[in-house]
Structures are given as structure tokens and as C-alpha cells.
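Raw contents of my_file.cif, mmCIF, C-alpha atoms and all ligand atoms:
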data_structure
#
loop_
_atom_site.group_PDB
_atom_site.id
_atom_site.type_symbol
_atom_site.label_atom_id
_atom_site.label_comp_id
_atom_site.auth_asym_id
_atom_site.auth_seq_id
_atom_site.Cartn_x
_atom_site.Cartn_y
_atom_site.Cartn_z
ATOM 1 C CA MET A 1 19.122 31.627 -32.849
ATOM 2 C CA ASN A 2 15.650 32.133 -34.221
ATOM 3 C CA SER A 3 13.229 32.151 -31.287
ATOM 4 C CA ILE A 4 9.652 33.283 -30.741
ATOM 5 C CA LEU A 5 11.064 35.326 -27.832
ATOM 6 C CA ASN A 6 13.270 37.475 -30.093
ATOM 7 C CA ASN A 7 12.041 41.105 -30.117
ATOM 8 C CA ARG A 8 9.171 40.176 -27.797
ATOM 9 C CA PRO A 9 10.386 41.487 -24.428
ATOM 10 C CA VAL A 10 7.116 40.992 -22.568
ATOM 11 C CA LEU A 11 6.736 37.375 -23.674
ATOM 12 C CA ALA A 12 10.440 36.781 -22.942
ATOM 13 C CA ARG A 13 9.985 38.219 -19.438
ATOM 14 C CA GLU A 14 7.150 35.761 -18.691
ATOM 15 C CA VAL A 15 9.116 32.767 -19.999
ATOM 16 C CA ASN A 16 12.129 33.931 -17.973
ATOM 17 C CA LYS A 17 9.950 33.918 -14.845
ATOM 18 C CA VAL A 18 9.148 30.266 -15.611
ATOM 19 C CA ALA A 19 12.867 29.525 -16.002
ATOM 20 C CA GLU A 20 13.686 31.295 -12.728
ATOM 21 C CA THR A 21 10.948 29.360 -10.901
ATOM 22 C CA ALA A 22 12.156 26.078 -12.400
ATOM 23 C CA GLY A 23 15.599 26.811 -10.902
ATOM 24 C CA TYR A 24 14.069 27.377 -7.454
ATOM 25 C CA LEU A 25 12.161 24.071 -7.691
ATOM 26 C CA TRP A 26 15.374 22.226 -8.450
ATOM 27 C CA GLU A 27 17.314 23.999 -5.664
ATOM 28 C CA LYS A 28 14.595 23.137 -3.160
ATOM 29 C CA GLY A 29 14.804 19.446 -3.994
ATOM 30 C CA TRP A 30 11.208 19.430 -5.216
ATOM 31 C CA ALA A 31 12.105 18.506 -8.813
ATOM 32 C CA GLU A 32 13.838 15.146 -8.962
ATOM 33 C CA ARG A 33 14.499 14.031 -12.542
ATOM 34 C CA ASN A 34 11.569 15.391 -14.623
ATOM 35 C CA GLY A 35 9.320 15.908 -11.568
ATOM 36 C CA GLY A 36 6.790 18.713 -11.732
ATOM 37 C CA ASN A 37 5.472 20.891 -14.531
ATOM 38 C CA ILE A 38 4.533 24.480 -15.330
ATOM 39 C CA THR A 39 2.197 26.040 -17.866
ATOM 40 C CA ILE A 40 1.400 29.710 -18.445
ATOM 41 C CA ASN A 41 -1.363 31.208 -20.534
ATOM 42 C CA ILE A 42 0.466 33.635 -22.855
ATOM 43 C CA THR A 43 -2.484 34.492 -25.117
ATOM 44 C CA GLU A 44 -2.542 38.185 -24.133
ATOM 45 C CA TRP A 45 1.078 38.597 -25.321
ATOM 46 C CA VAL A 46 0.568 36.854 -28.656
ATOM 47 C CA ASP A 47 0.688 39.101 -31.749
ATOM 48 C CA ASP A 48 -0.640 38.599 -35.286
ATOM 49 C CA GLU A 49 2.675 37.235 -36.491
ATOM 50 C CA ILE A 50 2.544 34.477 -33.857
ATOM 51 C CA ARG A 51 -1.067 33.714 -34.802
ATOM 52 C CA GLN A 52 0.137 33.103 -38.383
ATOM 53 C CA MET A 53 2.960 30.778 -37.381
ATOM 54 C CA PRO A 54 2.578 27.274 -38.837
ATOM 55 C CA ALA A 55 2.360 24.152 -36.696
ATOM 56 C CA ILE A 56 5.652 22.308 -36.182
ATOM 57 C CA SER A 57 3.982 19.166 -34.843
ATOM 58 C CA GLU A 58 1.115 16.865 -35.639
ATOM 59 C CA VAL A 59 -2.262 17.584 -34.052
ATOM 60 C CA TYR A 60 -2.457 16.108 -30.547
ATOM 61 C CA PRO A 61 -5.662 15.483 -28.575
ATOM 62 C CA ILE A 62 -5.967 17.150 -25.148
ATOM 63 C CA GLY A 63 -8.244 14.409 -23.802
ATOM 64 C CA ALA A 64 -10.975 16.893 -22.899
ATOM 65 C CA THR A 65 -12.999 19.590 -24.671
ATOM 66 C CA LEU A 66 -12.187 23.003 -23.206
ATOM 67 C CA PRO A 67 -14.320 25.712 -24.864
ATOM 68 C CA TYR A 68 -12.725 28.722 -23.150
ATOM 69 C CA LEU A 69 -9.320 27.821 -24.588
ATOM 70 C CA LYS A 70 -10.253 28.221 -28.269
ATOM 71 C CA GLY A 71 -7.314 29.965 -29.992
ATOM 72 C CA CYS A 72 -5.343 30.304 -26.753
ATOM 73 C CA TYR A 73 -1.572 29.931 -26.480
ATOM 74 C CA PHE A 74 0.462 28.376 -23.663
ATOM 75 C CA PHE A 75 4.100 27.952 -22.794
ATOM 76 C CA CYS A 76 4.478 24.455 -21.285
ATOM 77 C CA LYS A 77 7.297 22.483 -19.728
ATOM 78 C CA GLY A 78 8.067 19.445 -21.913
ATOM 79 C CA ASN A 79 7.165 15.877 -20.982
ATOM 80 C CA ASN A 80 10.113 14.114 -19.349
ATOM 81 C CA ARG A 81 12.136 17.343 -19.257
ATOM 82 C CA ARG A 82 14.027 18.403 -16.143
ATOM 83 C CA MET A 83 13.284 21.584 -14.187
ATOM 84 C CA ARG A 84 17.013 22.177 -13.858
ATOM 85 C CA ASP A 85 17.279 22.149 -17.650
ATOM 86 C CA LEU A 86 14.178 24.325 -18.096
ATOM 87 C CA ALA A 87 15.887 26.841 -15.796
ATOM 88 C CA ARG A 88 18.864 27.226 -18.133
ATOM 89 C CA TRP A 89 17.315 26.567 -21.528
ATOM 90 C CA PRO A 90 13.544 27.214 -21.376
ATOM 91 C CA MET A 91 12.918 27.064 -25.115
ATOM 92 C CA GLU A 92 14.783 23.763 -25.481
ATOM 93 C CA ASN A 93 12.842 22.114 -22.633
ATOM 94 C CA GLY A 94 9.432 23.629 -23.173
ATOM 95 C CA SER A 95 7.311 24.764 -26.097
ATOM 96 C CA VAL A 96 4.527 27.103 -27.158
ATOM 97 C CA ILE A 97 1.257 25.429 -28.117
ATOM 98 C CA ARG A 98 -1.880 26.706 -29.860
ATOM 99 C CA ILE A 99 -5.302 25.296 -28.946
ATOM 100 C CA LEU A 100 -7.231 24.516 -32.124
ATOM 101 C CA ASP A 101 -10.780 25.594 -32.937
ATOM 102 C CA ASP A 102 -12.258 22.226 -31.899
ATOM 103 C CA CYS A 103 -11.117 23.109 -28.326
ATOM 104 C CA ALA A 104 -10.044 19.474 -27.927
ATOM 105 C CA SER A 105 -6.636 19.409 -29.642
ATOM 106 C CA TYR A 106 -3.465 21.428 -29.999
ATOM 107 C CA VAL A 107 -0.334 21.888 -32.084
ATOM 108 C CA ILE A 108 3.157 23.013 -31.127
ATOM 109 C CA ILE A 109 4.222 26.242 -32.878
ATOM 110 C CA ALA A 110 7.603 27.200 -31.324
ATOM 111 C CA ASP A 111 10.553 27.006 -30.827
ATOM 112 C CA ASN A 112 11.070 23.222 -30.997
ATOM 113 C CA PRO A 113 8.619 20.308 -31.233
ATOM 114 C CA VAL A 114 8.954 19.479 -27.515
ATOM 115 C CA LYS A 115 5.879 17.458 -26.475
ATOM 116 C CA PRO A 116 4.196 19.164 -23.468
ATOM 117 C CA THR A 117 4.008 17.702 -19.973
ATOM 118 C CA SER A 118 1.989 14.540 -19.285
ATOM 119 C CA GLU A 119 -0.060 16.617 -16.812
ATOM 120 C CA LEU A 120 -1.377 18.791 -19.672
ATOM 121 C CA PRO A 121 -4.993 17.597 -19.093
ATOM 122 C CA SER A 122 -4.916 19.021 -15.551
ATOM 123 C CA HIS A 123 -3.133 22.238 -16.514
ATOM 124 C CA LEU A 124 -5.359 23.009 -19.495
ATOM 125 C CA SER A 125 -8.583 22.032 -17.687
ATOM 126 C CA VAL A 126 -7.606 24.399 -14.889
ATOM 127 C CA HIS A 127 -6.793 27.244 -17.315
ATOM 128 C CA ASN A 128 -10.152 26.658 -19.040
ATOM 129 C CA ASP A 129 -11.931 26.905 -15.716
ATOM 130 C CA LEU A 130 -10.002 30.056 -14.719
ATOM 131 C CA LEU A 131 -11.128 31.781 -17.929
ATOM 132 C CA ARG A 132 -14.697 30.543 -17.398
ATOM 133 C CA LYS A 133 -14.673 32.168 -13.952
ATOM 134 C CA GLY A 134 -13.125 35.407 -15.276
ATOM 135 C CA SER A 135 -10.092 34.849 -13.031
ATOM 136 C CA PRO A 136 -6.924 36.938 -13.622
ATOM 137 C CA TYR A 137 -4.781 33.844 -12.885
ATOM 138 C CA ARG A 138 -2.551 32.864 -15.824
ATOM 139 C CA ALA A 139 -0.030 30.427 -14.306
ATOM 140 C CA SER A 140 -0.217 26.880 -12.985
ATOM 141 C CA LEU A 141 2.440 24.875 -11.197
ATOM 142 C CA HIS A 142 2.690 21.228 -10.229
ATOM 143 C CA THR A 143 5.615 20.255 -7.981
ATOM 144 C CA HIS A 144 6.720 17.612 -5.441
ATOM 145 C CA PRO A 145 7.485 19.509 -2.163
ATOM 146 C CA ILE A 146 8.987 16.970 0.224
ATOM 147 C CA GLU A 147 7.392 17.850 3.562
ATOM 148 C CA LEU A 148 3.893 18.528 2.188
ATOM 149 C CA VAL A 149 3.923 15.223 0.300
ATOM 150 C CA ALA A 150 5.130 13.447 3.450
ATOM 151 C CA MET A 151 2.157 14.851 5.376
ATOM 152 C CA SER A 152 -0.225 13.532 2.712
ATOM 153 C CA HIS A 153 0.759 9.979 3.716
ATOM 154 C CA ASN A 154 -1.191 10.321 6.966
ATOM 155 C CA PRO A 155 -5.002 10.259 6.578
ATOM 156 C CA LYS A 156 -5.374 12.665 9.499
ATOM 157 C CA TYR A 157 -3.934 15.514 7.385
ATOM 158 C CA LEU A 158 -6.237 14.694 4.469
ATOM 159 C CA GLU A 159 -9.388 15.589 6.370
ATOM 160 C CA LYS A 160 -10.894 18.861 5.251
ATOM 161 C CA ASP A 161 -8.839 21.882 6.395
ATOM 162 C CA VAL A 162 -6.879 19.976 9.056
ATOM 163 C CA ALA A 163 -3.584 20.594 7.211
ATOM 164 C CA THR A 164 -4.640 24.170 6.351
ATOM 165 C CA ARG A 165 -5.266 25.096 9.984
ATOM 166 C CA LEU A 166 -2.100 23.385 11.177
ATOM 167 C CA LEU A 167 0.108 25.028 8.523
ATOM 168 C CA TRP A 168 -1.423 28.486 8.991
ATOM 169 C CA SER A 169 -0.733 28.275 12.734
ATOM 170 C CA MET A 170 3.005 27.556 12.361
ATOM 171 C CA ILE A 171 4.005 31.122 11.335
ATOM 172 C CA PRO A 172 1.789 34.195 10.801
ATOM 173 C CA GLU A 173 2.810 34.843 7.179
ATOM 174 C CA THR A 174 1.478 31.523 5.914
ATOM 175 C CA LYS A 175 -2.161 32.611 6.076
ATOM 176 C CA ALA A 176 -1.219 36.092 4.804
ATOM 177 C CA PHE A 177 0.414 34.688 1.661
ATOM 178 C CA CYS A 178 -1.684 31.547 1.168
ATOM 179 C CA PRO A 179 -5.018 32.952 2.337
ATOM 180 C CA ARG A 180 -7.225 30.258 0.811
ATOM 181 C CA GLY A 181 -5.292 27.340 2.377
ATOM 182 C CA LEU A 182 -4.568 23.871 1.058
ATOM 183 C CA GLY A 183 -7.228 21.760 -0.656
ATOM 184 C CA ILE A 184 -7.000 17.986 -0.877
ATOM 185 C CA VAL A 185 -7.393 15.760 -3.944
ATOM 186 C CA PRO A 186 -7.479 12.043 -3.002
ATOM 187 C CA TYR A 187 -4.932 9.866 -4.824
ATOM 188 C CA THR A 188 -5.694 9.734 -8.560
ATOM 189 C CA LEU A 189 -3.614 8.442 -11.464
ATOM 190 C CA PRO A 190 -1.027 11.055 -12.642
ATOM 191 C CA GLY A 191 -1.844 12.583 -16.025
ATOM 192 C CA SER A 192 -5.486 11.437 -15.959
ATOM 193 C CA VAL A 193 -8.623 13.398 -16.840
ATOM 194 C CA GLU A 194 -10.060 12.228 -13.465
ATOM 195 C CA LEU A 195 -7.185 14.028 -11.728
ATOM 196 C CA ALA A 196 -7.861 17.122 -13.859
ATOM 197 C CA ASN A 197 -11.560 17.154 -12.902
ATOM 198 C CA ALA A 198 -10.899 16.623 -9.196
ATOM 199 C CA THR A 199 -8.307 19.437 -9.299
ATOM 200 C CA ILE A 200 -10.690 21.952 -10.882
ATOM 201 C CA GLU A 201 -13.339 21.157 -8.315
ATOM 202 C CA GLU A 202 -10.975 21.689 -5.385
ATOM 203 C CA LEU A 203 -9.517 24.890 -6.908
ATOM 204 C CA SER A 204 -12.918 26.552 -6.575
ATOM 205 C CA ASP A 205 -12.122 26.914 -2.846
ATOM 206 C CA TYR A 206 -8.296 26.934 -2.784
ATOM 207 C CA ASP A 207 -5.321 28.268 -4.804
ATOM 208 C CA VAL A 208 -3.129 25.312 -3.817
ATOM 209 C CA VAL A 209 -4.285 21.703 -3.716
ATOM 210 C CA MET A 210 -2.508 18.582 -2.518
ATOM 211 C CA TRP A 211 -2.449 15.599 -4.840
ATOM 212 C CA GLU A 212 -2.331 12.850 -2.207
ATOM 213 C CA LYS A 213 1.024 10.994 -2.087
ATOM 214 C CA HIS A 214 2.212 12.867 -5.193
ATOM 215 C CA GLY A 215 2.611 16.660 -5.016
ATOM 216 C CA VAL A 216 0.761 19.953 -5.115
ATOM 217 C CA PHE A 217 -0.934 21.971 -7.845
ATOM 218 C CA ALA A 218 -1.031 25.764 -7.486
ATOM 219 C CA VAL A 219 -2.435 28.681 -9.480
ATOM 220 C CA ASP A 220 -1.903 32.431 -9.387
ATOM 221 C CA THR A 221 -1.587 35.499 -11.604
ATOM 222 C CA ASP A 222 2.002 34.613 -12.475
ATOM 223 C CA ILE A 223 4.296 31.665 -11.852
ATOM 224 C CA MET A 224 6.367 33.396 -9.146
ATOM 225 C CA LEU A 225 3.262 33.959 -7.029
ATOM 226 C CA ALA A 226 2.062 30.374 -7.540
ATOM 227 C CA PHE A 227 5.498 29.217 -6.367
ATOM 228 C CA ASP A 228 5.376 31.570 -3.347
ATOM 229 C CA GLN A 229 2.091 30.064 -2.179
ATOM 230 C CA VAL A 230 3.582 26.552 -2.205
ATOM 231 C CA ASP A 231 6.813 27.823 -0.634
ATOM 232 C CA VAL A 232 5.072 29.376 2.408
ATOM 233 C CA LEU A 233 2.987 26.223 2.952
ATOM 234 C CA ASN A 234 6.005 23.944 2.733
ATOM 235 C CA LYS A 235 7.981 26.226 5.079
ATOM 236 C CA SER A 236 5.215 25.733 7.652
ATOM 237 C CA ALA A 237 5.325 21.972 7.096
ATOM 238 C CA GLN A 238 9.091 22.088 7.736
ATOM 239 C CA ILE A 239 8.593 24.017 10.999
ATOM 240 C CA TYR A 240 5.994 21.477 12.098
ATOM 241 C CA ILE A 241 8.280 18.559 11.284
ATOM 242 C CA ALA A 242 11.332 20.252 12.888
ATOM 243 C CA SER A 243 9.343 20.657 16.127
ATOM 244 C CA LYS A 244 8.296 17.000 16.034
ATOM 245 C CA ASN A 245 11.922 16.025 15.432
ATOM 246 C CA MET A 246 12.898 17.984 18.555
ATOM 247 C CA GLY A 247 10.485 15.710 20.382
ATOM 248 C CA PHE A 248 7.473 17.955 20.974
ATOM 249 C CA GLU A 249 4.156 18.834 19.374
ATOM 250 C CA PRO A 250 4.385 22.505 18.316
ATOM 251 C CA GLU A 251 1.934 24.757 20.142
ATOM 252 C CA GLY A 252 0.856 26.655 17.022
ATOM 253 C CA MET A 253 -0.623 30.145 17.080
ATOM 254 C CA SER A 254 -3.719 30.345 19.283
ATOM 255 C CA ASP A 255 -7.217 30.877 17.857
ATOM 256 C CA ALA A 256 -7.121 34.442 19.216
ATOM 257 C CA GLN A 257 -3.788 35.119 17.476
ATOM 258 C CA MET A 258 -5.118 33.695 14.200
ATOM 259 C CA LYS A 259 -8.267 35.816 14.509
ATOM 260 C CA GLU A 260 -6.233 38.973 15.135
ATOM 261 C CA MET A 261 -4.021 38.254 12.091
ATOM 262 C CA THR A 262 -7.055 37.581 9.915
ATOM 263 C CA GLU A 263 -8.692 40.866 10.915
ATOM 264 C CA VAL A 264 -5.629 43.117 10.783
ATOM 265 C CA PHE A 265 -4.477 41.725 7.414
ATOM 266 C CA ASN A 266 -8.038 41.640 6.093
ATOM 267 C CA LEU A 267 -7.799 37.952 5.144
ATOM 268 C CA PRO A 268 -10.684 35.622 4.317
ATOM 269 C CA LYS A 269 -12.124 33.917 7.452
HETATM 270 P P1 LIG B 301 6.197 15.472 -16.980
HETATM 271 O O1 LIG B 301 7.673 15.217 -17.189
HETATM 272 O O2 LIG B 301 5.365 14.831 -18.045
HETATM 273 O O3 LIG B 301 5.933 16.958 -16.810
HETATM 274 O O4 LIG B 301 5.755 14.737 -15.626
HETATM 275 C C1 LIG B 301 6.270 15.091 -14.372
HETATM 276 C C2 LIG B 301 5.305 14.888 -13.249
HETATM 277 O O5 LIG B 301 5.548 15.393 -12.159
HETATM 278 C C3 LIG B 301 4.062 14.112 -13.454
HETATM 279 O O6 LIG B 301 3.190 14.263 -12.398
HETATM 280 ZN ZN ZN B 302 4.155 14.907 -10.491
#
Starting from the coordinates I provided, produce the structure as C-alpha cells.
Amino acid sequence: MNSILNNRPVLAREVNKVAETAGYLWEKGWAERNGGNITINITEWVDDEIRQMPAISEVYPIGATLPYLKGCYFFCKGNNRRMRDLARWPMENGSVIRILDDCASYVIIADNPVKPTSELPSHLSVHNDLLRKGSPYRASLHTHPIELVAMSHNPKYLEKDVATRLLWSMIPETKAFCPRGLGIVPYTLPGSVELANATIEELSDYDVVMWEKHGVFAVDTDIMLAFDQVDVLNKSAQIYIASKNMGFEPEGMSDAQMKEMTEVFNLPK
């Protein structure tokens, strides 16, 4: 079959990482039906031939003007598409888009005219902000991890850094592999530009943010690492909940133990 990935091993490797991650999301039970979405900025792997490829869709508005994305390319999960299908057939359940010169609209260029995720405003606004900051991060993930979402139903865990401190203290690796903690975005309509703006703001201090009563949004250099950050946080949430289910409040690592970890692993304070 004719695919943009043919004879482009580096691009194919990045899309395959998305497919592999999509499979993990499904296996974890974080991706009911079409739940969750992934986008990756593939601009650095785009060659002249791709730049010449014609649009295979109409021009769609992004809903925001994003100047750092001019001429950029993204691979995006499709709207209403399942993670478990993206895992097996990434190019049938996602598509490559080109941001047009007005920085406010895009077209689909390959392989199929699969309309991107409804959370595109958040994903693209975040990618725009990452480029503005000169960040090396190229991947963004939105998913519905059960235990973290459950915690977001109690206002006590939505206070600044309460969940971060609790989750870090459940197991030493959590702070090591999610060193900036968990930011909080109060409930906002899915797919909205308001949600996108609140997400960008919170991502200035965190790599993973909670969308209250909905899911999380995570960024990192590639999609595997973004997934890992959510995975370590949710593992801690599971340990916390397992302790509560055994009928006790978990002790958590002490302040002295956290301090020692932070110093030895050279983590941010
Ligand atoms: P999409 O199918 O449009 O990606 O939506 C899934 C989702 O989780 C919305 O928040
Ligand atoms: Zn969602």
C-alpha cells in the first residue's frame, strides 16, 4: 500500500512508537471507546517530497492562531478513533496534517483523510508553546487513567501540589521519573480553546496536568516518555488506593526520605 511511511524509516519509527503507546493505553483500561488522543510534531523528519504533497482534505480551522506552527507537520490520532485500532493500524486511524501559512488552519496530507482528534486545539496550542519556549518536547498525550481521574473527584486533591506530594511519597521512583509533578486544570469543556489555554498555562510548571474529572495531558520528548510519566503517577495513585482499600492511610515516604531522594538523584526541589 502507498503510505507516507514507505522508505522513511525514521518517520515510521516515530509513528510506530505512537502505535505501541496506543496499545498500552488500551491494555491499561485508560482508553475506553475513542478515549484519549496523541499528537507528535514530525516536522524535523519531513522531507521536500512531503512538503510538496497535495492536500487530501478541505482546509479546517484550528480555532486559534499559533505562529510557531507555520509549516509544521503533525501525526494525530483521528477524532472518534479507538486507541486499540490506532495500535494495529496507525495510518488508518490517524493522519498527517500540515499547518498552513495563516497559522490558524490546516489540511490533511496523508495517508487517509482521517479528521484529527477533537482535542486538537489543546494539542496544537501546547506544541506552539513548546516551540516558543525552545523546548525539545515533540509529543503530547491525553488519556483517561482510572485512579488519577478518580482522585480528581475530591477537591482536596485539586489544591496546589497536594496530589503531587502524595503521589511522589508512595514510591521513590515517582519523583525520579515525574520530577515536575502533577498540575491541575479545573474542569473545562473538552475540546475547547479555554481548555487549551488553561493547559498551556499549567504546563509551564509541570509536564503532566490533570484535567479535572476527565483525564490527564502529558508532554515529553517522545510519546513513550510522555506515557511513562503518566504511568508512574497512576501507579502511585493505585498504591494509595490499595492501601486505603486495606483499611489504612498509607504512611508515605517521610520528608527526610524525600529530601534524600531529591538530592541523590539531583531532582528539582
Ligand atoms: P477524540 O476521539 O476526538 O480524540 O476524543 C477523545 C477524548 O478523549 C476527548 O477528550
Ligand atoms: Zn478525553
- Task: Rank nothing, just name the residue among A:Ile146, A:Ile241, A:Leu195, A:Val216 nearest to Gln229 in chain A, using all atoms listed in the file.
- Result: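 Nearest to Gln229 in chain A: A:Val216.
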- Convert the output of the PyMOL selection byres (((not hetatm)) within 12 of (chain B and resi 301)) on the shown file into explicit residues, formatted as a PyMOL selection string. chain A and resi 22+25+30-39+76-83+85-86+93-94+114-123+141-145+187-192+195-196+211-217
- Nearest to Glu14 in chain A among A:Ile42, A:Leu182, A:Val264, A:Ala256, with distances taken over all atoms listed in the file: which residue is it?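 When distances to Glu14 in chain A are compared using all atoms listed in the file, the smallest one comes from A:Ile42.
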- Compile the contact shell of Asp207 in chain A as a ChimeraX atom specification: residues with an atom at most 7 Å away, counting only C-alpha atoms, same-chain residues fewer than 5 positions apart removed. /A:180,218-219
- Within 10 Å of Pro113 in chain A using all atoms listed in the file, minus same-chain residues under 3 positions, as JSON, numbers by chain: {"A": [55, 56, 57, 58, 78, 92, 93, 94, 95, 96, 97, 107, 108, 109, 110, 116]}
Once you have the residues from the selection above, write them out as a PDB file, in the coordinates of the input, restricted to C-alpha atoms.
ATOM      1  CA  ALA A  55       2.360  24.152 -36.696  1.00  0.00           C
ATOM      2  CA  ILE A  56       5.652  22.308 -36.182  1.00  0.00           C
ATOM      3  CA  SER A  57       3.982  19.166 -34.843  1.00  0.00           C
ATOM      4  CA  GLU A  58       1.115  16.865 -35.639  1.00  0.00           C
ATOM      5  CA  GLY A  78       8.067  19.445 -21.913  1.00  0.00           C
ATOM      6  CA  GLU A  92      14.783  23.763 -25.481  1.00  0.00           C
ATOM      7  CA  ASN A  93      12.842  22.114 -22.633  1.00  0.00           C
ATOM      8  CA  GLY A  94       9.432  23.629 -23.173  1.00  0.00           C
ATOM      9  CA  SER A  95       7.311  24.764 -26.097  1.00  0.00           C
ATOM     10  CA  VAL A  96       4.527  27.103 -27.158  1.00  0.00           C
ATOM     11  CA  ILE A  97       1.257  25.429 -28.117  1.00  0.00           C
ATOM     12  CA  VAL A 107      -0.334  21.888 -32.084  1.00  0.00           C
ATOM     13  CA  ILE A 108       3.157  23.013 -31.127  1.00  0.00           C
ATOM     14  CA  ILE A 109       4.222  26.242 -32.878  1.00  0.00           C
ATOM     15  CA  ALA A 110       7.603  27.200 -31.324  1.00  0.00           C
ATOM     16  CA  PRO A 116       4.196  19.164 -23.468  1.00  0.00           C
TER      17      PRO A 116
END
- Could you check which of A:Ser169, A:Asn234, A:Asn41, A:Asn7 is closest to Leu130 in chain A, using only C-alpha atoms?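 That would be A:Asn41, the residue with the smallest distance to Leu130 in chain A.
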- Message: Using only C-alpha atoms - which residues lie no farther than 12 Å from the point (-16.6, 16.7, -24.3) in the file's frame? Write them as a ChimeraX atom specification.
- Response: /A:61-67,102-105,125,193
- Identify the residues around (0.4, 34.3, -32.3) within a radius of 10 Å, measuring from all atoms listed in the file in the coordinates stated by the file, and give them as a ChimeraX atom specification. /A:4,42-54,71-73,96-98,109
- Message: What would the selection look like, as a VMD selection string, if the PyMOL selection byres (((chain A and resi 68) around 7) and not hetatm) were run on the coordinates I just shared?
- Response: chain A and resid 66 to 67 69 to 70 128 131 to 132
- Message: If we count all atoms listed in the file and set the cut-off at 12 Å, which residues sit around Met261 in chain A, ignoring sequence neighbours fewer than 6 positions away in its own chain? Please answer as a PyMOL selection string.
- Response: chain A and resi 168-169+171-177+179+253-255+267-269
- Task: For each of A:Val149, A:Leu233, A:Met91, A:Cys178, take the minimum atom-to-atom distance to ligand ZN 302 (chain B), counting only C-alpha atoms and all ligand atoms, then give the residue where this is smallest.
- Result: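 Looking only at the distances to ligand ZN 302 (chain B), the closest residue turns out to be A:Val149.
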- Task: Please measure the separation of CA of Ile40 in chain A and CA of Glu201 in chain A, giving the value in Å to one decimal.
- Result: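 Between CA of Ile40 in chain A and CA of Glu201 in chain A the gap is 19.8 Å.
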- Item | Separation of CA of Gln238 in chain A from CA of Leu148 in chain A in Å |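 Computed distance, CA of Leu148 in chain A to CA of Gln238 in chain A, equals 8.4 Å.
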Kindly list the centre and edge lengths in Å, rounded to one decimal, for the axis-aligned box that covers all listed atoms of range 12-16 of chain A plus 8 Å on each of its six sides, as lines of an AutoDock Vina configuration file.
center_x = 9.6
center_y = 35.5
center_z = -20.5
size_x = 21.0
size_y = 21.5
size_z = 21.0
- Item | Among listed residues A:Asp129, A:Met210, A:Asp101, A:Val230, nearest ligand ZN 302 (chain B) (using only C-alpha atoms and all ligand atoms) |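 Of A:Asp129, A:Met210, A:Asp101, A:Val230, the one nearest ligand ZN 302 (chain B) is A:Met210, counting only C-alpha atoms and all ligand atoms.
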- Task: Mind giving me the straight-line distance from CA of Leu225 in chain A to CA of Glu263 in chain A in Å, one decimal?
- Result: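 Result for CA of Leu225 in chain A versus CA of Glu263 in chain A: 22.6 Å, one decimal.
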- List, as a list in words, every residue that the PyMOL selection byres (((chain A and resi 160) around 12) and not hetatm) selects in the file provided. Pro155, Lys156, Tyr157, Leu158, Glu159, Asp161, Val162, Ala163, Thr164, Arg165, Leu166, Gly181, Leu182, Gly183, Ile184, Val185, Pro186, Glu202, Asp205, Tyr206, Val209 and Met210 of chain A
